[in-house]
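Q: The structure under discussion is supplied below as structure tokens; questions concerning it will follow.
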Amino acid sequence: MKKIHHHFSGVAHKYRGLRTTDIEPILFIKDQFKRARKIEAADVGCGTGRYDLKLFRYLCDRLYLHCIDSNEEMLRQLNEYLTQHKIKNFTAVKAIASDLPLKDDSIDCVFTFNAIHHFQPLGFLSETSRILKDKGYLFIYTRLRSQNSRNIWGRFFPLFSQKETRLYELDELRNILRSIPKLKIESMESFKYKRVSSLDNLVDKAKNHHYSTFYLYAKEELEQSLIEFEQNLRKGFKDPKNIIWHNENILFVVSKQAV
């Protein structure tokens, strides 16, 4: 955990440039709340705020957001980022996902984007059930282990799928959610994205640890894997400036049931 915390502190200043922010789940969430006049929400594992800015752009002045992360440097970057974009309806809160400093039955919606594999899931879901109002929503956007194995990294970067054991499979997440009595899965939405990049850009992302998975490699192991990754891509694609693949994600839509 200390190693991963150090990873996020080290990449916080460049994190938004390293990662892709998907607009499709934001549009889905917007549609869910099209009749809501006011939304008090929490983004748990918010990082540097790349999804938060999208939420504000599409939910506009209806949204007040508690941006929660355990990494102080990530929150500092988030605060600067949202302030630069003239966003005021937020608070940046340092806390872990299994101990959320919010009142019981006080939140309309909880989001987490590509972060649940960093949490203690039962603790996070128990806290989410506590702070959500009845009929409130939880949105979990993540990638599954099987989806991870099919992307460019799982297919071509040595040991990537074997190293990344923190991700869940569909049944695992479904069973964890079912263990929290008041939370009910309403739907599971699948997303598939066409990606295009150059070999040089992909290698640069790996060198800059755009996934925390790369911190699970020893230094020499990562250096050798980078060499093999480049070789694998050159064998697998005719044009190193035009590498095409697909990323997959899933969105769990969960509601809190009234007793």
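Naming works like this for the structure tokens: A, B, ... for the chains as they're shown, residue 1 at the start of each chain, ligands 1 onward in shown order.
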At most 10 Å is the cut-off: for each residue in range 146-181 of chain A with any atom that close to an atom of range 202-217 of chain A, write down the nearest atom pair and the distance in Å rounded to one decimal, counting only C-alpha atoms, chain first then increasing number, as JSON lines.

A:
```
{"residue": "A:Ile152", "atom": "CA", "partner": "A:Leu202", "partner_atom": "CA", "distance": 9.3}
{"residue": "A:Trp153", "atom": "CA", "partner": "A:Leu202", "partner_atom": "CA", "distance": 9.3}
{"residue": "A:Phe157", "atom": "CA", "partner": "A:Ala206", "partner_atom": "CA", "distance": 9.4}
{"residue": "A:Leu159", "atom": "CA", "partner": "A:Tyr217", "partner_atom": "CA", "distance": 9.0}
{"residue": "A:Phe160", "atom": "CA", "partner": "A:Thr213", "partner_atom": "CA", "distance": 7.3}
{"residue": "A:Ser161", "atom": "CA", "partner": "A:Thr213", "partner_atom": "CA", "distance": 9.2}
{"residue": "A:Lys163", "atom": "CA", "partner": "A:Leu216", "partner_atom": "CA", "distance": 6.6}
{"residue": "A:Glu164", "atom": "CA", "partner": "A:Thr213", "partner_atom": "CA", "distance": 5.9}
{"residue": "A:Thr165", "atom": "CA", "partner": "A:Thr213", "partner_atom": "CA", "distance": 9.2}
{"residue": "A:Arg166", "atom": "CA", "partner": "A:Thr213", "partner_atom": "CA", "distance": 9.2}
```

Q: Take the residues from that selection and put them in a file with C-alpha atoms, as a PDB file, in the first residue's frame.

A:
```pdb
ATOM      1  CA  ILE A 152      -3.200  -3.540 -25.473  1.00  0.00           C
ATOM      2  CA  TRP A 153      -1.355  -3.986 -22.178  1.00  0.00           C
ATOM      3  CA  PHE A 157       3.025  -6.074 -22.206  1.00  0.00           C
ATOM      4  CA  LEU A 159       3.292 -10.110 -17.183  1.00  0.00           C
ATOM      5  CA  PHE A 160       0.754  -7.261 -17.119  1.00  0.00           C
ATOM      6  CA  SER A 161      -2.279  -9.489 -16.572  1.00  0.00           C
ATOM      7  CA  LYS A 163       0.747  -8.631 -12.080  1.00  0.00           C
ATOM      8  CA  GLU A 164      -2.659  -6.944 -11.991  1.00  0.00           C
ATOM      9  CA  THR A 165      -4.485  -9.195  -9.537  1.00  0.00           C
ATOM     10  CA  ARG A 166      -6.389  -6.394  -7.778  1.00  0.00           C
TER      11      ARG A 166
END
```

Q: Using backbone DSSP assignments, extract all alpha helix (DSSP H) residues from range 11-62 of chain A; output them as a ChimeraX atom specification.

A: /A:11,15-18,24-32,50-59

Q: Rounded to one decimal place, report the CA of Ala36 in chain A-CA of Gln84 in chain A distance in Å.

A: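 Taking CA of Ala36 in chain A as the start and CA of Gln84 in chain A as the end point, the length is 26.7 Å.
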
Q: Using only C-alpha atoms, which residues sit within 9 Å of Leu177 in chain A once same-chain residues fewer than 3 positions away are excluded, as a list in words?

A: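 So the residues in contact are Pro121, Leu122, Leu125, Glu172, Leu173, Arg174, Ile180, Pro181, Leu183, Lys184, Ile185 and Val254 of chain A.
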
Q: When distances are computed from only C-alpha atoms, which of A:Gln120, A:Gly45, A:Pro158, A:Thr142 shows the smallest separation from Leu222 in chain A?

A: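 Closest residue, counting only C-alpha atoms: A:Pro158.
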
Q: Quick one: of A:Leu170, A:Ile176, A:Leu75, A:Leu233, who's nearest to Ala95 in chain A, counting only C-alpha atoms?

A: A:Leu75

Q: Applying 12 Å and only C-alpha atoms, which residues near Gly123 in chain A remain after dropping the ones on its own chain fewer than 3 positions away? List them as a list of chain:residue names.

A: A:Ile96, A:Ala97, A:Ser98, A:Asp99, A:Leu100, A:Ile116, A:His118, A:Phe119, A:Gln120, A:Ser126, A:Glu127, A:Thr128, A:Ser129, A:Arg130, A:Ile176, A:Leu177, A:Ser179, A:Ile180

Q: Using DSSP secondary structure from the backbone, list all strand (DSSP E or B) positions within range 19-104 of chain A, as a PyMOL selection string.

A: chain A and resi 39-44+63-69+90-94

Q: Okay, now the selection with C-alpha atoms, as a compact mmCIF listing (two decimals), in the first residue's frame?

A:
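What follows is the written file part-v3.txt:
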```txt
# COMPACT_ATOMS: atom_id res chain seq x y z
CA ILE A 39 -27.52 16.54 -6.44
CA GLU A 40 -25.23 16.20 -3.45
CA ALA A 41 -22.66 13.58 -4.37
CA ALA A 42 -19.30 12.07 -3.43
CA ASP A 43 -16.57 10.90 -5.78
CA VAL A 44 -14.51 8.36 -3.84
CA LEU A 63 -24.16 19.35 -8.42
CA TYR A 64 -22.32 19.72 -5.11
CA LEU A 65 -19.44 17.26 -4.94
CA HIS A 66 -17.38 15.89 -2.07
CA CYS A 67 -14.09 14.87 -3.74
CA ILE A 68 -12.55 12.16 -1.57
CA ASP A 69 -9.10 10.59 -1.90
CA PHE A 90 -16.93 21.11 -4.17
CA THR A 91 -14.86 20.18 -1.16
CA ALA A 92 -11.61 18.19 -1.28
CA VAL A 93 -11.53 15.61 1.52
CA LYS A 94 -8.64 13.38 2.56
```

Q: Given only C-alpha atoms as the basis, pick out the residue of A:Trp245, A:Phe33, A:Tyr168, A:Phe56 nearest to Tyr137 in chain A.

A: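 Closest residue, counting only C-alpha atoms: A:Phe33.
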
Q: Given only C-alpha atoms as the basis, pick out the residue of A:Leu132, A:Ile244, A:Leu251, A:Gln257 nearest to Phe191 in chain A.

A: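 Checking each candidate against Phe191 in chain A, we get A:Leu251 as the closest.
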
Q: Pick from A:Ile140, A:Arg234, A:Pro240, A:Leu226: nearest to Ser198 in chain A, with only C-alpha atoms counted?

A: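 Between A:Ile140, A:Arg234, A:Pro240, A:Leu226, the residue approaching Ser198 in chain A most closely is A:Pro240.
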
Q: Between CA of Arg150 in chain A and CA of Asn247 in chain A, what is the distance, to one decimal in Å?

A: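 We find that CA of Arg150 in chain A and CA of Asn247 in chain A lie 7.7 Å from each other.
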
Q: Leaving out Lys38 in chain A and any residue of its chain fewer than 6 positions from it, which residues lie within 10 Å of it when counting only C-alpha atoms, given as a list in words?

A: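 My reading of the contact set: Leu59, Cys60, Asp61, Arg62, Leu63, Tyr64 and Asp108 of chain A.
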